[in-house]
file coords_36.csv (CSV, C-alpha atoms)
chain,number,residue,atom,x,y,z
A,1,MET,CA,229.1,261.8,77.7
A,2,LEU,CA,225.9,260.1,76.7
A,3,ARG,CA,225.4,262.6,73.9
A,4,ARG,CA,228.9,262.1,72.6
A,5,ALA,CA,228.5,258.2,72.7
A,6,ALA,CA,225.3,258.5,70.7
A,7,THR,CA,227.0,260.7,68.1
A,8,ILE,CA,229.8,258.2,67.7
A,9,CYS,CA,227.3,255.3,67.3
A,10,LEU,CA,225.4,257.2,64.6
A,11,ALA,CA,228.6,257.9,62.7
A,12,VAL,CA,229.5,254.2,62.8
A,13,LEU,CA,226.0,253.2,61.5
A,14,LEU,CA,226.3,255.7,58.7
A,15,ALA,CA,229.7,254.4,57.7
A,16,ALA,CA,228.3,250.9,57.7
A,17,ALA,CA,225.4,251.9,55.5
A,18,GLY,CA,227.7,253.6,53.1
A,19,CYS,CA,229.8,250.4,52.6
A,20,GLY,CA,226.6,248.4,51.8
A,21,SER,CA,225.8,250.7,48.8
A,22,ALA,CA,228.9,249.8,46.7
A,23,GLU,CA,228.2,248.9,43.0
A,24,THR,CA,227.7,245.2,42.1
A,25,PRO,CA,230.2,243.6,39.6
A,26,PRO,CA,229.2,243.7,35.9
A,27,PRO,CA,227.7,240.5,34.4
A,28,ARG,CA,230.2,238.2,32.8
A,29,PRO,CA,230.0,237.2,29.1
A,30,PRO,CA,229.0,233.6,28.3
A,31,VAL,CA,231.7,231.0,28.1
A,32,VAL,CA,231.7,229.0,24.8
A,33,HIS,CA,233.1,225.5,24.5
A,34,VAL,CA,233.8,223.9,21.1
A,35,SER,CA,234.6,220.2,20.7
A,36,PRO,CA,236.9,219.3,18.9
A,37,ALA,CA,238.8,222.3,20.3
A,38,PHE,CA,240.1,224.9,18.0
A,39,ASP,CA,243.6,224.2,16.5
A,40,THR,CA,243.1,220.4,17.0
A,41,LYS,CA,245.0,218.6,14.2
A,42,ARG,CA,243.7,215.0,14.5
A,43,ALA,CA,240.1,215.2,15.8
A,44,ARG,CA,238.1,212.0,15.7
A,45,PRO,CA,235.5,212.3,12.9
A,46,ASP,CA,233.0,209.9,14.6
A,47,GLN,CA,232.6,212.3,17.6
A,48,GLY,CA,231.0,215.0,15.5
A,49,LEU,CA,231.0,218.7,16.3
A,50,VAL,CA,229.5,219.9,19.6
A,51,VAL,CA,229.2,223.6,20.7
A,52,SER,CA,227.9,224.7,24.1
A,53,ALA,CA,227.5,227.9,26.0
A,54,ARG,CA,227.6,228.4,29.8
A,55,GLY,CA,226.2,231.6,31.3
A,56,GLY,CA,224.2,232.4,28.2
A,57,THR,CA,222.5,231.0,25.1
A,58,LEU,CA,223.7,230.2,21.6
A,59,SER,CA,222.5,232.8,19.1
A,60,GLN,CA,224.4,231.5,16.0
A,61,VAL,CA,226.6,228.6,15.1
A,62,LEU,CA,228.2,228.5,11.6
A,63,ALA,CA,230.4,225.6,10.6
A,64,TYR,CA,231.8,224.9,7.2
A,65,VAL,CA,233.9,222.2,5.5
A,66,SER,CA,235.2,222.7,2.0
A,67,GLY,CA,232.9,225.7,1.7
A,68,MET,CA,229.8,223.7,2.5
A,69,PRO,CA,227.7,224.4,5.6
A,70,VAL,CA,227.6,221.7,8.3
A,71,ARG,CA,224.1,220.7,9.3
A,72,GLY,CA,223.3,220.7,13.0
A,73,THR,CA,220.5,221.1,15.7
A,74,LEU,CA,220.1,223.3,18.7
A,75,ASP,CA,218.6,221.8,21.9
A,76,ALA,CA,215.5,223.2,23.6
A,77,THR,CA,217.6,225.2,26.1
A,78,ARG,CA,219.6,226.8,23.3
A,79,THR,CA,222.8,226.0,25.1
A,80,THR,CA,224.1,223.0,23.1
A,81,TRP,CA,224.4,222.6,19.3
A,82,ARG,CA,225.4,219.2,17.7
A,83,SER,CA,226.3,218.4,14.1
A,84,ALA,CA,223.6,216.2,12.5
A,85,TRP,CA,226.2,213.7,11.3
A,86,THR,CA,229.8,212.6,11.8
A,87,LEU,CA,232.7,214.6,10.3
A,88,LYS,CA,234.6,214.0,7.1
A,89,PRO,CA,238.1,212.5,7.7
A,90,GLY,CA,241.1,214.5,6.7
A,91,ALA,CA,239.2,217.8,6.4
A,92,GLU,CA,239.5,221.3,7.8
A,93,TYR,CA,236.5,222.8,9.6
A,94,THR,CA,235.9,226.5,10.4
A,95,VAL,CA,233.5,227.4,13.2
A,96,THR,CA,232.0,230.8,14.2
A,97,VAL,CA,229.9,230.9,17.4
A,98,LYS,CA,227.9,233.8,18.9
A,99,ALA,CA,226.5,233.5,22.4
A,100,ALA,CA,224.3,236.0,24.1
A,101,GLY,CA,224.4,236.8,27.8
A,102,ALA,CA,221.4,237.4,30.0
A,103,GLY,CA,221.2,241.2,29.8
A,104,GLY,CA,224.9,241.4,29.5
A,105,PRO,CA,227.7,241.2,27.0
A,106,SER,CA,227.9,238.6,24.2
A,107,THR,CA,230.7,236.3,23.2
A,108,VAL,CA,232.0,235.6,19.7
A,109,ALA,CA,234.4,232.6,19.2
A,110,MET,CA,236.0,231.8,15.8
A,111,GLY,CA,238.5,229.1,15.0
A,112,ARG,CA,239.3,226.0,13.0
A,113,PHE,CA,240.3,222.4,13.4
A,114,ARG,CA,241.3,219.3,11.3
A,115,THR,CA,240.0,215.8,11.5
A,116,ARG,CA,242.4,212.8,11.3
A,117,GLN,CA,242.8,210.9,8.0
A,118,ALA,CA,241.3,207.4,7.5
A,119,ALA,CA,243.9,204.7,7.5
A,120,ARG,CA,241.4,202.6,5.6
A,121,ALA,CA,238.1,203.6,3.9
A,122,PHE,CA,234.7,201.8,3.6
A,123,GLY,CA,231.6,202.7,1.7
A,124,LEU,CA,228.8,201.4,-0.5
A,125,ALA,CA,229.4,198.7,-3.1
A,126,ALA,CA,225.9,198.8,-4.6
A,127,THR,CA,222.5,200.3,-4.1
A,128,THR,CA,219.0,199.2,-5.0
A,129,PRO,CA,217.0,200.8,-6.6
A,130,GLN,CA,219.1,202.4,-9.2
A,131,PRO,CA,219.3,206.2,-9.0
A,132,GLY,CA,216.4,207.7,-10.9
A,133,GLU,CA,214.6,204.4,-11.3
A,134,THR,CA,210.8,204.2,-11.2
A,135,VAL,CA,209.7,201.3,-9.0
A,136,GLY,CA,206.6,199.5,-7.7
A,137,VAL,CA,204.9,200.2,-4.4
A,138,GLY,CA,206.6,197.3,-2.6
A,139,MET,CA,210.2,198.2,-3.5
A,140,PRO,CA,212.8,197.8,-0.8
A,141,VAL,CA,215.9,199.9,-0.4
A,142,ILE,CA,219.0,197.6,-0.4
A,143,LEU,CA,222.4,198.9,0.5
A,144,ASP,CA,225.5,196.6,0.0
A,145,PHE,CA,228.7,197.7,1.8
A,146,ASP,CA,232.2,196.9,0.6
A,147,THR,CA,233.4,196.0,4.1
A,148,PRO,CA,231.8,193.8,6.8
A,149,VAL,CA,230.0,196.0,9.3
A,150,ARG,CA,230.6,195.2,12.9
A,151,ASP,CA,229.2,198.3,14.5
A,152,ARG,CA,225.8,198.1,12.7
A,153,ALA,CA,224.2,200.7,15.0
A,154,ALA,CA,226.8,203.4,14.1
A,155,VAL,CA,226.2,202.7,10.4
A,156,GLU,CA,222.4,202.6,10.7
A,157,ARG,CA,222.3,205.9,12.5
A,158,ALA,CA,224.0,207.4,9.4
A,159,LEU,CA,221.3,206.2,7.0
A,160,GLU,CA,218.5,208.6,6.1
A,161,VAL,CA,215.4,207.9,4.1
A,162,SER,CA,213.2,210.9,3.3
A,163,ALA,CA,209.9,210.7,1.4
A,164,GLU,CA,207.2,213.1,0.3
A,165,PRO,CA,204.9,212.6,2.0
A,166,PRO,CA,206.8,211.1,5.0
A,167,VAL,CA,206.5,207.4,5.8
A,168,GLU,CA,207.2,205.1,8.7
A,169,GLY,CA,210.0,202.6,7.9
A,170,ALA,CA,213.0,200.8,9.3
A,171,TRP,CA,216.2,199.1,8.4
A,172,ARG,CA,216.9,195.4,8.8
A,173,TRP,CA,220.3,193.8,8.6
A,174,THR,CA,220.3,190.7,6.4
A,175,GLY,CA,224.1,190.0,6.8
A,176,ASP,CA,227.4,191.7,7.6
A,177,THR,CA,227.4,193.7,4.4
A,178,GLN,CA,223.8,194.3,3.6
A,179,ALA,CA,221.0,196.5,5.1
A,180,VAL,CA,217.5,196.6,3.8
A,181,TYR,CA,214.9,199.4,4.4
A,182,ARG,CA,211.2,198.7,4.1
A,183,PRO,CA,208.3,201.1,4.9
A,184,ARG,CA,205.7,199.8,7.3
A,185,ARG,CA,203.1,199.8,4.5
A,186,PHE,CA,203.5,199.9,0.7
A,187,TRP,CA,204.8,203.2,-0.7
A,188,ARG,CA,202.2,205.6,-2.0
A,189,PRO,CA,201.9,205.8,-5.8
A,190,ARG,CA,204.0,208.5,-7.4
A,191,GLN,CA,206.0,209.2,-4.2
A,192,ARG,CA,209.5,210.5,-4.5
A,193,VAL,CA,212.1,209.0,-2.1
A,194,THR,CA,215.7,210.2,-1.3
A,195,VAL,CA,218.2,207.9,0.4
A,196,THR,CA,221.4,209.3,1.9
A,197,ALA,CA,224.2,207.3,3.5
A,198,HIS,CA,226.0,209.8,5.7
A,199,LEU,CA,229.0,207.6,6.0
A,200,ALA,CA,231.8,210.2,6.1
A,201,GLY,CA,233.3,209.9,9.5
A,202,VAL,CA,231.5,206.8,10.6
A,203,ARG,CA,234.0,204.5,12.4
A,204,LEU,CA,234.0,200.8,11.9
A,205,ALA,CA,237.3,200.0,13.7
A,206,PRO,CA,240.4,202.0,14.7
A,207,GLY,CA,241.5,203.9,11.6
A,208,VAL,CA,238.6,202.5,9.4
A,209,TYR,CA,236.2,205.3,8.5
A,210,GLY,CA,233.7,206.2,5.8
A,211,VAL,CA,235.2,209.0,3.7
A,212,SER,CA,232.2,210.2,1.7
A,213,ASP,CA,228.4,210.4,1.7
A,214,GLN,CA,226.2,209.0,-1.0
A,215,THR,CA,222.8,210.1,-2.0
A,216,PHE,CA,220.3,208.7,-4.6
A,217,ALA,CA,216.6,209.2,-5.3
A,218,PHE,CA,213.9,207.1,-6.9
A,219,THR,CA,210.2,207.5,-7.8
A,220,VAL,CA,207.3,205.2,-7.0
A,221,GLY,CA,205.2,204.6,-10.1
A,222,ARG,CA,201.5,203.6,-10.4
A,223,ALA,CA,200.3,201.1,-7.8
A,224,GLN,CA,200.3,197.7,-9.6
A,225,THR,CA,199.4,194.7,-7.5
A,226,SER,CA,198.8,191.1,-8.7
A,227,THR,CA,197.0,188.3,-7.0
A,228,ILE,CA,197.4,184.6,-8.1
A,229,ASP,CA,195.1,181.9,-6.9
A,230,THR,CA,196.8,178.6,-7.7
A,231,ARG,CA,193.7,176.5,-6.9
A,232,ALA,CA,191.5,178.5,-9.2
A,233,HIS,CA,194.4,178.9,-11.7
A,234,GLN,CA,193.7,182.6,-12.1
A,235,MET,CA,195.8,185.8,-11.9
A,236,THR,CA,194.3,189.2,-11.5
A,237,VAL,CA,196.3,192.4,-12.1
A,238,ARG,CA,195.1,195.8,-10.6
A,239,ARG,CA,196.5,199.3,-11.3
A,240,ASP,CA,195.6,202.0,-8.8
A,241,GLY,CA,192.8,199.7,-7.5
A,242,ARG,CA,191.3,199.0,-10.9
A,243,ILE,CA,191.3,195.5,-12.5
A,244,VAL,CA,193.3,195.8,-15.8
A,245,GLN,CA,193.9,192.2,-16.6
A,246,ARG,CA,192.7,188.7,-15.8
A,247,MET,CA,194.9,185.8,-16.8
A,248,ALA,CA,194.4,182.1,-16.8
A,249,ILE,CA,197.6,180.5,-15.4
A,250,SER,CA,199.2,177.2,-14.5
A,251,ALA,CA,201.3,177.0,-11.3
A,252,GLY,CA,203.8,174.4,-10.0
A,253,MET,CA,202.7,170.8,-10.2
A,254,ALA,CA,203.6,170.3,-6.5
A,255,THR,CA,204.9,166.7,-6.9
A,256,THR,CA,208.0,167.8,-4.9
A,257,ARG,CA,208.8,170.8,-2.8
A,258,GLU,CA,211.0,172.1,-5.6
A,259,TYR,CA,208.1,172.0,-8.0
A,260,THR,CA,205.7,173.7,-5.6
A,261,THR,CA,205.0,177.4,-6.1
A,262,THR,CA,205.5,179.4,-2.9
A,263,SER,CA,202.6,181.2,-1.4
A,264,GLY,CA,203.0,184.7,0.0
A,265,ILE,CA,203.8,188.3,-1.0
A,266,HIS,CA,206.4,188.3,-3.7
A,267,LEU,CA,208.0,191.3,-5.5
A,268,THR,CA,209.0,191.5,-9.1
A,269,MET,CA,212.8,191.6,-9.1
A,270,ASP,CA,213.9,191.7,-12.7
A,271,LYS,CA,212.9,190.5,-16.1
A,272,GLY,CA,214.4,189.1,-19.3
A,273,ASN,CA,213.2,188.2,-22.8
A,274,PRO,CA,214.3,185.5,-23.2
A,275,VAL,CA,215.7,183.9,-20.0
A,276,ARG,CA,217.6,180.6,-20.0
A,277,MET,CA,216.1,178.2,-17.5
A,278,VAL,CA,218.0,175.1,-16.4
A,279,SER,CA,216.7,172.4,-14.0
A,280,PRO,CA,218.6,172.9,-10.7
A,281,GLY,CA,220.6,169.9,-9.4
A,282,ARG,CA,220.2,167.8,-12.5
A,283,SER,CA,222.5,166.9,-15.3
A,284,GLU,CA,221.6,166.3,-18.9
A,285,GLY,CA,220.0,162.8,-19.3
A,286,ASP,CA,218.5,162.9,-15.7
A,287,PRO,CA,214.7,162.6,-15.4
A,288,ASP,CA,213.0,166.0,-15.5
A,289,TYR,CA,216.2,167.7,-16.8
A,290,TYR,CA,215.5,170.8,-18.9
A,291,ASP,CA,217.6,173.6,-20.5
A,292,ILE,CA,215.3,175.9,-22.4
A,293,MET,CA,214.9,179.6,-23.3
A,294,ILE,CA,211.7,181.2,-22.0
A,295,ASP,CA,210.1,184.4,-23.3
A,296,HIS,CA,208.8,187.3,-21.3
A,297,ALA,CA,210.0,186.1,-17.9
A,298,VAL,CA,209.5,188.3,-14.8
A,299,ARG,CA,211.4,186.9,-11.7
A,300,ILE,CA,209.5,187.0,-8.4
A,301,SER,CA,211.9,185.0,-6.1
A,302,ASN,CA,215.4,183.6,-5.8
A,303,SER,CA,214.2,180.0,-5.9
A,304,GLY,CA,213.6,180.1,-9.7
A,305,GLU,CA,210.1,181.4,-9.8
A,306,TYR,CA,208.9,183.6,-12.7
A,307,VAL,CA,205.7,184.7,-14.3
A,308,HIS,CA,206.5,183.9,-17.9
A,309,ALA,CA,205.1,182.9,-21.3
A,310,LYS,CA,204.3,179.3,-22.0
A,311,ASP,CA,202.3,177.7,-24.9
A,312,ASN,CA,200.7,175.1,-22.6
A,313,VAL,CA,197.4,176.9,-22.9
A,314,TRP,CA,195.5,173.6,-22.5
A,315,ALA,CA,196.6,173.6,-18.8
A,316,GLN,CA,196.2,177.3,-18.1
A,317,GLY,CA,193.0,177.9,-16.1
A,318,ARG,CA,192.6,174.1,-15.5
A,319,ALA,CA,195.7,172.4,-14.0
A,320,ASN,CA,199.0,173.1,-12.3
A,321,VAL,CA,201.7,171.5,-14.4
A,322,SER,CA,204.8,173.8,-14.2
A,323,HIS,CA,208.1,173.3,-12.3
A,324,GLY,CA,207.1,176.0,-9.9
A,325,CYS,CA,206.7,179.1,-12.2
A,326,ILE,CA,203.5,180.8,-13.2
A,327,ASN,CA,202.8,180.0,-16.8
A,328,ALA,CA,200.6,182.4,-18.8
A,329,ARG,CA,199.4,182.8,-22.4
A,330,PRO,CA,202.2,184.3,-24.5
A,331,ASP,CA,200.4,187.5,-25.4
A,332,GLN,CA,199.3,188.1,-21.8
A,333,ALA,CA,202.7,187.2,-20.4
A,334,ALA,CA,204.1,189.8,-22.8
A,335,TRP,CA,201.6,192.4,-21.6
A,336,PHE,CA,202.6,191.7,-18.0
A,337,TYR,CA,206.3,191.8,-18.9
A,338,ASP,CA,206.0,195.2,-20.6
A,339,GLY,CA,204.0,196.7,-17.8
A,340,SER,CA,206.0,195.5,-14.8
A,341,LEU,CA,208.3,197.6,-12.6
A,342,ARG,CA,210.7,196.2,-10.1
A,343,GLY,CA,209.0,196.1,-6.7
A,344,ASP,CA,205.5,195.3,-7.9
A,345,PRO,CA,203.8,193.0,-5.4
A,346,VAL,CA,202.6,189.6,-6.6
A,347,THR,CA,200.6,187.8,-3.9
A,348,ILE,CA,200.2,184.0,-4.4
A,349,THR,CA,197.8,181.8,-2.5
A,350,GLY,CA,196.7,178.2,-2.5
A,351,THR,CA,199.9,176.1,-2.0
A,352,ASP,CA,201.4,174.5,1.1
A,353,ARG,CA,204.8,176.0,0.6
A,354,ALA,CA,205.3,179.5,2.1
A,355,LEU,CA,207.7,182.0,0.7
A,356,GLU,CA,210.6,182.5,3.0
A,357,TRP,CA,211.2,186.2,4.0
A,358,ASP,CA,214.8,186.0,2.7
A,359,ASN,CA,214.0,184.2,-0.6
A,360,GLY,CA,214.5,187.0,-3.0
A,361,TRP,CA,212.7,190.1,-1.9
A,362,GLY,CA,210.2,188.3,0.4
A,363,TYR,CA,210.6,191.0,3.0
A,364,TRP,CA,206.8,191.7,3.2
A,365,GLN,CA,206.4,188.2,4.6
A,366,LEU,CA,207.6,189.5,8.0
A,367,PRO,CA,205.1,191.2,10.2
A,368,TRP,CA,206.2,194.8,11.1
A,369,GLU,CA,207.2,194.0,14.7
A,370,GLN,CA,209.3,191.1,13.5
A,371,TRP,CA,210.9,193.2,10.8
A,372,LEU,CA,211.9,195.7,13.5
A,373,ARG,CA,213.9,193.1,15.4
A,374,GLY,CA,216.5,193.1,12.6
A,375,SER,CA,217.3,196.8,13.3
A,376,ALA,CA,220.6,197.4,15.2
A,377,LEU,CA,219.0,200.5,16.8
A,378,ARG,CA,215.9,198.7,18.1
A,379,SER,CA,217.3,195.3,19.1
A,380,GLY,CA,220.0,196.3,21.6
A,381,PRO,CA,223.3,198.2,22.1
A,382,PRO,CA,226.0,198.2,19.3
A,383,LEU,CA,228.5,195.4,19.2
A,384,PRO,CA,231.7,195.9,21.2

call {"tool": "encode", "arguments": {"input": "coords_36.csv", "output": "structure tokens"}}
result
Amino acid sequence: MLRRAATICLAVLLAAAGCGSAETPPPRPPVVHVSPAFDTKRARPDQGLVVSARGGTLSQVLAYVSGMPVRGTLDATRTTWRSAWTLKPGAEYTVTVKAAGAGGPSTVAMGRFRTRQAARAFGLAATTPQPGETVGVGMPVILDFDTPVRDRAAVERALEVSAEPPVEGAWRWTGDTQAVYRPRRFWRPRQRVTVTAHLAGVRLAPGVYGVSDQTFAFTVGRAQTSTIDTRAHQMTVRRDGRIVQRMAISAGMATTREYTTTSGIHLTMDKGNPVRMVSPGRSEGDPDYYDIMIDHAVRISNSGEYVHAKDNVWAQGRANVSHGCINARPDQAAWFYDGSLRGDPVTITGTDRALEWDNGWGYWQLPWEQWLRGSALRSGPPLP
């Protein structure tokens, strides 16, 4: 009986061991998730395109709109891919995804979706500099929008400035319809800069979207910087660090605030030959009224300041007698006029009136940390 019981126990143990040796299930293929989902007809453009893989890694993501590839980035784990920018409203997107399993089968997903139309569009009304323009080393990038921007952070995230070599820079909002970009330090001479507003799909309000992107490029010219000492009545112009001109000048007479030249870092903004200059806030017959045409005038602020020609050579180098402008000998003013690019820095010292940062292009008056406070991405969350 004992031998029989032992035989039965051995049979039971062998049967149990045989059950434990059954084959393990094969590995499952990765699961791919695409947002917006395939066959969606009214996807929100501002959500972008997101592709993810569970149980594997993404080996390829190909997305196209109107035959053009959609730029995107893959995260460090290679499990999530996101489009670089928002999506174009009213457009069809095609997507192909390949995901590899860990030693197992792969997954291929293909499909398409459409984004909703914009009920109302917004975009750029104007850009500065002009496309293809050659500018000075202090030149700002100014974007004017055709619609007041409430969600400034969403718009600012869509703005891209690329330079060769790269620079550190930031946007500052100067109002509901204007954003200004400034590098931390002056541009390098002969640098090429490309600006792209990726506005297609950016949402300002329900139904209000950007419908297209806009790109323009400009080139930085030679480094021309000018310094003006109003007390010594002298102006010095340097190009690429070398002095190329010394000019005797006459600055504002400073009998009133209006007639006081502003001290600070100005930028040349535009020029005309001639320019009509009319005394502000005065009518014909009033004391100090003037209405004259001035030759070779280069504007450096919005408060009426120019570097321009004047035949009062008796005062130049000796006394400040102007209404706030910088007067120079006619031949030297013509030389400065001919050689000036928009964005050339002109630094003035010696007066008790400071240039306001928002007077013309006085943006270099703000220290860098203060400039950054005007960025919607650095100063807090987007507006509700």

call {"tool": "atom_distance", "arguments": {"input": "coords_36.csv", "atom1": "atom CA of Asp295 of chain A", "atom2": "atom CA of Asp270 of chain A"}}
result
13.4 Å

call {"tool": "closest_residue", "arguments": {"input": "coords_36.csv", "among": "A:Asp331, A:Asp291, A:Glu23, A:Asp338", "to": "Ala309 of chain A", "atoms": "only C-alpha atoms"}}
result
A:Asp331

call {"tool": "residues_near_point", "arguments": {"input": "coords_36.csv", "point": "(229.1, 224.0, 4.9)", "cutoff": "12 Å", "atoms": "only C-alpha atoms", "output": "MDAnalysis selection string"}}
result
chainID A and resid 61:72 83 87:88 91:96

call {"tool": "atom_distance", "arguments": {"input": "coords_36.csv", "atom1": "atom CA of Arg188 of chain A", "atom2": "atom CA of Leu267 of chain A"}}
result
15.8 Å

call {"tool": "closest_residue", "arguments": {"input": "coords_36.csv", "among": "A:Ile292, A:Met247, A:Ala154, A:Ala232", "to": "Arg329 of chain A", "atoms": "only C-alpha atoms"}}
result
A:Met247

call {"tool": "residues_around", "arguments": {"input": "coords_36.csv", "residues": "Thr256 of chain A", "least_positions_apart": "4", "cutoff": "10 Å", "atoms": "only C-alpha atoms", "output": "short mmCIF file (atom, residue, chain, number, x, y, z; two decimals) with C-alpha atoms, in the frame of the given file"}}
result
data_model
loop_
_atom_site.label_atom_id
_atom_site.label_comp_id
_atom_site.auth_asym_id
_atom_site.auth_seq_id
_atom_site.Cartn_x
_atom_site.Cartn_y
_atom_site.Cartn_z
CA GLY A 252 203.80 174.40 -10.00
CA THR A 260 205.70 173.70 -5.60
CA HIS A 323 208.10 173.30 -12.30
CA GLY A 324 207.10 176.00 -9.90
#

call {"tool": "atom_distance", "arguments": {"input": "coords_36.csv", "atom1": "atom CA of Thr215 of chain A", "atom2": "atom CA of Trp85 of chain A"}}
result
14.2 Å

call {"tool": "residues_near_point", "arguments": {"input": "coords_36.csv", "point": "(214.3, 187.5, -23.2)", "cutoff": "10 Å", "atoms": "all atoms listed in the file", "output": "list in words"}}
result
Lys271, Gly272, Asn273, Pro274, Val275, Arg276, Met293, Ile294, Asp295, His296, Ala297 and Val298 of chain A

call {"tool": "closest_residue", "arguments": {"input": "coords_36.csv", "among": "A:Thr262, A:Ser35, A:Thr134, A:Thr147", "to": "Leu204 of chain A", "atoms": "all atoms listed in the file"}}
result
A:Thr147

call {"tool": "closest_residue", "arguments": {"input": "coords_36.csv", "among": "A:Gly281, A:Gly101, A:Gly210, A:Gly343", "to": "Leu58 of chain A", "atoms": "all atoms listed in the file"}}
result
A:Gly101

call {"tool": "build_atoms", "arguments": {"input": "coords_36.csv", "residues": "segment 229-241 of chain A", "atoms": "N, CA and C atoms", "output": "PDB file, keeping the file's coordinate frame"}}
result
ATOM      1  N   ASP A 229     195.709 182.949  -7.608  1.00  0.00           N
ATOM      2  CA  ASP A 229     195.100 181.900  -6.900  1.00  0.00           C
ATOM      3  C   ASP A 229     195.432 180.570  -7.623  1.00  0.00           C
ATOM      4  N   THR A 230     196.332 179.772  -7.025  1.00  0.00           N
ATOM      5  CA  THR A 230     196.800 178.600  -7.700  1.00  0.00           C
ATOM      6  C   THR A 230     195.748 177.480  -7.770  1.00  0.00           C
ATOM      7  N   ARG A 231     194.749 177.542  -6.893  1.00  0.00           N
ATOM      8  CA  ARG A 231     193.700 176.500  -6.900  1.00  0.00           C
ATOM      9  C   ARG A 231     192.660 176.843  -8.001  1.00  0.00           C
ATOM     10  N   ALA A 232     192.408 178.134  -8.175  1.00  0.00           N
ATOM     11  CA  ALA A 232     191.500 178.500  -9.200  1.00  0.00           C
ATOM     12  C   ALA A 232     192.210 178.733 -10.570  1.00  0.00           C
ATOM     13  N   HIS A 233     193.553 178.706 -10.531  1.00  0.00           N
ATOM     14  CA  HIS A 233     194.400 178.900 -11.700  1.00  0.00           C
ATOM     15  C   HIS A 233     194.121 180.211 -12.413  1.00  0.00           C
ATOM     16  N   GLN A 234     194.022 181.261 -11.597  1.00  0.00           N
ATOM     17  CA  GLN A 234     193.700 182.600 -12.100  1.00  0.00           C
ATOM     18  C   GLN A 234     194.663 183.635 -11.532  1.00  0.00           C
ATOM     19  N   MET A 235     194.970 184.637 -12.360  1.00  0.00           N
ATOM     20  CA  MET A 235     195.800 185.800 -11.900  1.00  0.00           C
ATOM     21  C   MET A 235     195.024 187.058 -12.282  1.00  0.00           C
ATOM     22  N   THR A 236     194.978 187.971 -11.306  1.00  0.00           N
ATOM     23  CA  THR A 236     194.300 189.200 -11.500  1.00  0.00           C
ATOM     24  C   THR A 236     195.270 190.380 -11.257  1.00  0.00           C
ATOM     25  N   VAL A 237     195.346 191.311 -12.187  1.00  0.00           N
ATOM     26  CA  VAL A 237     196.300 192.400 -12.100  1.00  0.00           C
ATOM     27  C   VAL A 237     195.450 193.722 -11.902  1.00  0.00           C
ATOM     28  N   ARG A 238     195.811 194.508 -10.888  1.00  0.00           N
ATOM     29  CA  ARG A 238     195.100 195.800 -10.600  1.00  0.00           C
ATOM     30  C   ARG A 238     196.138 196.923 -10.718  1.00  0.00           C
ATOM     31  N   ARG A 239     195.691 198.037 -11.248  1.00  0.00           N
ATOM     32  CA  ARG A 239     196.500 199.300 -11.300  1.00  0.00           C
ATOM     33  C   ARG A 239     195.682 200.366 -10.623  1.00  0.00           C
ATOM     34  N   ASP A 240     196.277 200.942  -9.575  1.00  0.00           N
ATOM     35  CA  ASP A 240     195.600 202.000  -8.800  1.00  0.00           C
ATOM     36  C   ASP A 240     194.207 201.563  -8.400  1.00  0.00           C
ATOM     37  N   GLY A 241     194.087 200.271  -8.023  1.00  0.00           N
ATOM     38  CA  GLY A 241     192.800 199.700  -7.500  1.00  0.00           C
ATOM     39  C   GLY A 241     191.874 199.210  -8.549  1.00  0.00           C
TER      40      GLY A 241
END
